[in-house]
Amino acid sequence: MNTALYQRRKLANTIGVGLSMFAMVLGLFVLLWILFILFRNGFAALDLALFTQSTPAPGSEGGGLANAIVGSLMIVGFSVLISTPVGILAGVYLAEYGDESRTAAVTRFMTDIMLSAPSIVLGLFIYAIYVAQVRHFSGWAGSLALSLIAIPVVVRTTENMLRLVPGSLREAAFALGAPRWKVATMVTLRAAQAGVVTGVLLALARISGETAPLLFTALNNQFFSADMNKPMSNLPVVIFQFAMSPYDNWVRLAWGGALLITLTVLVLNIVARIFFREKVSA
């Protein structure tokens, strides 16, 4: 049927597909260009000193990011320890008991707000209620700020994964006389454990590169320190400071730190997809 209407629709479809392909190619080109520059400059900065020496003084040569790497691992690690149980338990409550409680509706609303809230706002919140009260920056404050970012991600992922569990599985457990709390924790949560782990990994990837909250909480430390009650060096803040410095050595270290965070997030996302694939296949 070669009518005028058909020709117009065919032309509109061709234009739409062409624009979509152009947008996709443009986005991929920009992404690959960014990754190319990052990998080229980042790999040039990778050496043993990057992992064994602390950040150098202004204008000096050498040095590394050992204190920032250890600080980031500690801050992010403690934030995961805080956010994981809170997020999973809240997700279980919303999925298993949320249909009968007004509290669940408020919790979902607050979770959506925290998901969309700028990270700098959460950092300022922790600064106001914690840092300003104790009157010093600390790694604990940084972990609390990152926890506020990770918790809503874990909550939402846990709730969604639990709602994918077939209702017949719950009914079978109830028929055997299991109480509701045991069905929620030992049956449905176990059935959705791959998806829950995926949510935790995605939250970890989300907070690994956050800079703004740490500027108001953990700040930075040029020296190596494992004391979470004091200002602590971390990769995002070090990259932020070194990338804008006039020293070539600091800029080189900033590229190396940016590559480390990018590879970490990439690995976490790959692992999360593997877990999700296993869940779907199961």
# chains A, B, ... in the order shown; residues from 1 in each chain; ligands from 1
$ residues_around --residues "Arg156 of chain A" --least-positions-apart "6" --cutoff "10 Å" --atoms "only C-alpha atoms" --output "CSV table (one decimal) with N, CA and C atoms, in the first residue's frame"
chain,number,residue,atom,x,y,z
A,87,GLY,N,19.1,-1.0,55.7
A,87,GLY,CA,18.4,-1.1,54.5
A,87,GLY,C,17.6,-2.4,54.2
A,88,ILE,N,18.3,-3.5,54.6
A,88,ILE,CA,17.6,-4.8,54.3
A,88,ILE,C,16.4,-5.0,55.2
A,90,ALA,N,14.6,-2.6,56.6
A,90,ALA,CA,13.5,-1.7,56.2
A,90,ALA,C,12.8,-2.2,54.9
A,91,GLY,N,13.6,-2.8,54.0
A,91,GLY,CA,13.0,-3.4,52.8
A,91,GLY,C,12.1,-4.5,53.1
A,92,VAL,N,12.6,-5.4,54.0
A,92,VAL,CA,11.7,-6.5,54.4
A,92,VAL,C,10.4,-6.0,55.1
A,94,LEU,N,8.9,-3.2,54.5
A,94,LEU,CA,8.0,-2.6,53.5
A,94,LEU,C,7.4,-3.6,52.6
A,95,ALA,N,8.1,-4.7,52.3
A,95,ALA,CA,7.6,-5.7,51.4
A,95,ALA,C,6.6,-6.7,52.0
A,108,ARG,N,8.3,4.9,52.5
A,108,ARG,CA,8.6,5.0,51.1
A,108,ARG,C,8.7,6.4,50.5
A,111,THR,N,12.1,7.6,51.6
A,111,THR,CA,13.1,6.9,50.8
A,111,THR,C,13.3,7.5,49.4
A,112,ASP,N,12.1,7.8,48.8
A,112,ASP,CA,12.2,8.5,47.5
A,112,ASP,C,12.9,9.8,47.6
A,115,LEU,N,16.6,9.3,47.9
A,115,LEU,CA,17.1,8.8,46.6
A,115,LEU,C,17.4,10.0,45.7
A,196,VAL,N,19.1,-9.0,46.7
A,196,VAL,CA,19.5,-8.2,47.8
A,196,VAL,C,21.0,-7.8,47.8
A,199,GLY,N,21.6,-5.2,45.3
A,199,GLY,CA,21.3,-3.9,45.8
A,199,GLY,C,22.4,-3.3,46.7
$ select_by_dssp --residues "segment 46-268 of chain A" --states "helix (DSSP H, G or I)" --output "PyMOL selection string"
chain A and resi 48-52+66-96+98-100+102-116+119-134+139-163+167-175+180-191+193-208+212-215+235-243+248-268
$ residues_around --residues "Ala191 of chain A" --least-positions-apart "5" --cutoff "10 Å" --atoms "only C-alpha atoms" --output "list in words"
Met161, Leu162, Leu164, Val165, Pro166, Leu169, Ala184, Thr185, Met186, Val196, Lys279 and Ala282 of chain A
$ closest_residue --among "A:Tyr130, A:Trp250, A:Trp181, A:Phe78" --to "Met228 of chain A" --atoms "only C-alpha atoms"
A:Phe78
$ closest_residue --among "A:Leu50, A:Ile82, A:Ala172, A:Ala45" --to "Gly142 of chain A" --atoms "only C-alpha atoms"
A:Ile82
$ closest_residue --among "A:Ala105, A:Leu46, A:Ala272, A:Ala141" --to "Gly195 of chain A" --atoms "only C-alpha atoms"
A:Ala272
$ atom_distance --atom1 "atom CA of Val70 of chain A" --atom2 "atom CA of Ala254 of chain A"
15.8 Å
$ decode --residues "segment 19-50 of chain A" --atoms "N, CA and C atoms" --output "PDB file, in the first residue's frame"
ATOM      1  N   LEU A  19      17.514   9.725  14.276  1.00  0.00           N
ATOM      2  CA  LEU A  19      17.861  10.579  15.405  1.00  0.00           C
ATOM      3  C   LEU A  19      18.244   9.754  16.635  1.00  0.00           C
ATOM      4  N   SER A  20      17.541   8.645  16.844  1.00  0.00           N
ATOM      5  CA  SER A  20      17.869   7.782  17.977  1.00  0.00           C
ATOM      6  C   SER A  20      19.262   7.186  17.816  1.00  0.00           C
ATOM      7  N   MET A  21      19.582   6.730  16.614  1.00  0.00           N
ATOM      8  CA  MET A  21      20.918   6.173  16.370  1.00  0.00           C
ATOM      9  C   MET A  21      21.994   7.237  16.532  1.00  0.00           C
ATOM     10  N   PHE A  22      21.699   8.451  16.059  1.00  0.00           N
ATOM     11  CA  PHE A  22      22.670   9.536  16.200  1.00  0.00           C
ATOM     12  C   PHE A  22      22.924   9.858  17.668  1.00  0.00           C
ATOM     13  N   ALA A  23      21.841   9.911  18.467  1.00  0.00           N
ATOM     14  CA  ALA A  23      21.999  10.187  19.896  1.00  0.00           C
ATOM     15  C   ALA A  23      22.796   9.078  20.585  1.00  0.00           C
ATOM     16  N   MET A  24      22.529   7.817  20.207  1.00  0.00           N
ATOM     17  CA  MET A  24      23.265   6.708  20.799  1.00  0.00           C
ATOM     18  C   MET A  24      24.746   6.766  20.441  1.00  0.00           C
ATOM     19  N   VAL A  25      25.038   7.005  19.168  1.00  0.00           N
ATOM     20  CA  VAL A  25      26.440   7.080  18.730  1.00  0.00           C
ATOM     21  C   VAL A  25      27.146   8.250  19.396  1.00  0.00           C
ATOM     22  N   LEU A  26      26.458   9.399  19.508  1.00  0.00           N
ATOM     23  CA  LEU A  26      27.061  10.559  20.156  1.00  0.00           C
ATOM     24  C   LEU A  26      27.360  10.273  21.619  1.00  0.00           C
ATOM     25  N   GLY A  27      26.401   9.652  22.322  1.00  0.00           N
ATOM     26  CA  GLY A  27      26.631   9.317  23.727  1.00  0.00           C
ATOM     27  C   GLY A  27      27.768   8.331  23.904  1.00  0.00           C
ATOM     28  N   LEU A  28      27.814   7.296  23.070  1.00  0.00           N
ATOM     29  CA  LEU A  28      28.907   6.320  23.155  1.00  0.00           C
ATOM     30  C   LEU A  28      30.250   6.956  22.828  1.00  0.00           C
ATOM     31  N   PHE A  29      30.263   7.863  21.857  1.00  0.00           N
ATOM     32  CA  PHE A  29      31.524   8.526  21.504  1.00  0.00           C
ATOM     33  C   PHE A  29      32.054   9.346  22.672  1.00  0.00           C
ATOM     34  N   VAL A  30      31.175  10.119  23.317  1.00  0.00           N
ATOM     35  CA  VAL A  30      31.612  10.927  24.467  1.00  0.00           C
ATOM     36  C   VAL A  30      32.086  10.035  25.601  1.00  0.00           C
ATOM     37  N   LEU A  31      31.344   8.948  25.872  1.00  0.00           N
ATOM     38  CA  LEU A  31      31.734   8.028  26.941  1.00  0.00           C
ATOM     39  C   LEU A  31      33.084   7.377  26.654  1.00  0.00           C
ATOM     40  N   LEU A  32      33.261   6.883  25.432  1.00  0.00           N
ATOM     41  CA  LEU A  32      34.528   6.236  25.078  1.00  0.00           C
ATOM     42  C   LEU A  32      35.681   7.234  25.079  1.00  0.00           C
ATOM     43  N   TRP A  33      35.401   8.468  24.694  1.00  0.00           N
ATOM     44  CA  TRP A  33      36.444   9.497  24.707  1.00  0.00           C
ATOM     45  C   TRP A  33      36.888   9.789  26.135  1.00  0.00           C
ATOM     46  N   ILE A  34      35.922   9.897  27.054  1.00  0.00           N
ATOM     47  CA  ILE A  34      36.249  10.122  28.468  1.00  0.00           C
ATOM     48  C   ILE A  34      37.047   8.951  29.024  1.00  0.00           C
ATOM     49  N   LEU A  35      36.594   7.728  28.727  1.00  0.00           N
ATOM     50  CA  LEU A  35      37.306   6.552  29.228  1.00  0.00           C
ATOM     51  C   LEU A  35      38.708   6.440  28.637  1.00  0.00           C
ATOM     52  N   PHE A  36      38.855   6.814  27.361  1.00  0.00           N
ATOM     53  CA  PHE A  36      40.175   6.763  26.727  1.00  0.00           C
ATOM     54  C   PHE A  36      41.148   7.719  27.416  1.00  0.00           C
ATOM     55  N   ILE A  37      40.703   8.957  27.659  1.00  0.00           N
ATOM     56  CA  ILE A  37      41.565   9.929  28.340  1.00  0.00           C
ATOM     57  C   ILE A  37      41.882   9.461  29.757  1.00  0.00           C
ATOM     58  N   LEU A  38      40.873   8.930  30.443  1.00  0.00           N
ATOM     59  CA  LEU A  38      41.074   8.476  31.811  1.00  0.00           C
ATOM     60  C   LEU A  38      42.056   7.311  31.875  1.00  0.00           C
ATOM     61  N   PHE A  39      41.868   6.321  31.016  1.00  0.00           N
ATOM     62  CA  PHE A  39      42.757   5.160  31.035  1.00  0.00           C
ATOM     63  C   PHE A  39      44.172   5.529  30.584  1.00  0.00           C
ATOM     64  N   ARG A  40      44.278   6.416  29.604  1.00  0.00           N
ATOM     65  CA  ARG A  40      45.615   6.802  29.139  1.00  0.00           C
ATOM     66  C   ARG A  40      46.391   7.522  30.224  1.00  0.00           C
ATOM     67  N   ASN A  41      45.786   8.501  30.869  1.00  0.00           N
ATOM     68  CA  ASN A  41      46.478   9.242  31.922  1.00  0.00           C
ATOM     69  C   ASN A  41      46.545   8.455  33.222  1.00  0.00           C
ATOM     70  N   GLY A  42      45.520   7.642  33.489  1.00  0.00           N
ATOM     71  CA  GLY A  42      45.508   6.888  34.731  1.00  0.00           C
ATOM     72  C   GLY A  42      46.542   5.787  34.769  1.00  0.00           C
ATOM     73  N   PHE A  43      46.649   5.014  33.689  1.00  0.00           N
ATOM     74  CA  PHE A  43      47.635   3.935  33.670  1.00  0.00           C
ATOM     75  C   PHE A  43      49.061   4.481  33.708  1.00  0.00           C
ATOM     76  N   ALA A  44      49.275   5.691  33.173  1.00  0.00           N
ATOM     77  CA  ALA A  44      50.605   6.295  33.236  1.00  0.00           C
ATOM     78  C   ALA A  44      50.997   6.635  34.664  1.00  0.00           C
ATOM     79  N   ALA A  45      50.009   6.779  35.553  1.00  0.00           N
ATOM     80  CA  ALA A  45      50.303   7.129  36.942  1.00  0.00           C
ATOM     81  C   ALA A  45      50.392   5.908  37.846  1.00  0.00           C
ATOM     82  N   LEU A  46      50.053   4.729  37.341  1.00  0.00           N
ATOM     83  CA  LEU A  46      50.074   3.534  38.173  1.00  0.00           C
ATOM     84  C   LEU A  46      51.499   3.026  38.365  1.00  0.00           C
ATOM     85  N   ASP A  47      51.897   2.910  39.593  1.00  0.00           N
ATOM     86  CA  ASP A  47      53.172   2.292  39.949  1.00  0.00           C
ATOM     87  C   ASP A  47      53.069   1.798  41.387  1.00  0.00           C
ATOM     88  N   LEU A  48      54.118   1.166  41.876  1.00  0.00           N
ATOM     89  CA  LEU A  48      54.082   0.608  43.221  1.00  0.00           C
ATOM     90  C   LEU A  48      53.957   1.695  44.277  1.00  0.00           C
ATOM     91  N   ALA A  49      54.587   2.855  44.038  1.00  0.00           N
ATOM     92  CA  ALA A  49      54.543   3.940  45.019  1.00  0.00           C
ATOM     93  C   ALA A  49      53.128   4.460  45.222  1.00  0.00           C
ATOM     94  N   LEU A  50      52.279   4.321  44.202  1.00  0.00           N
ATOM     95  CA  LEU A  50      50.902   4.800  44.319  1.00  0.00           C
ATOM     96  C   LEU A  50      50.165   4.088  45.446  1.00  0.00           C
TER      97      LEU A  50
END
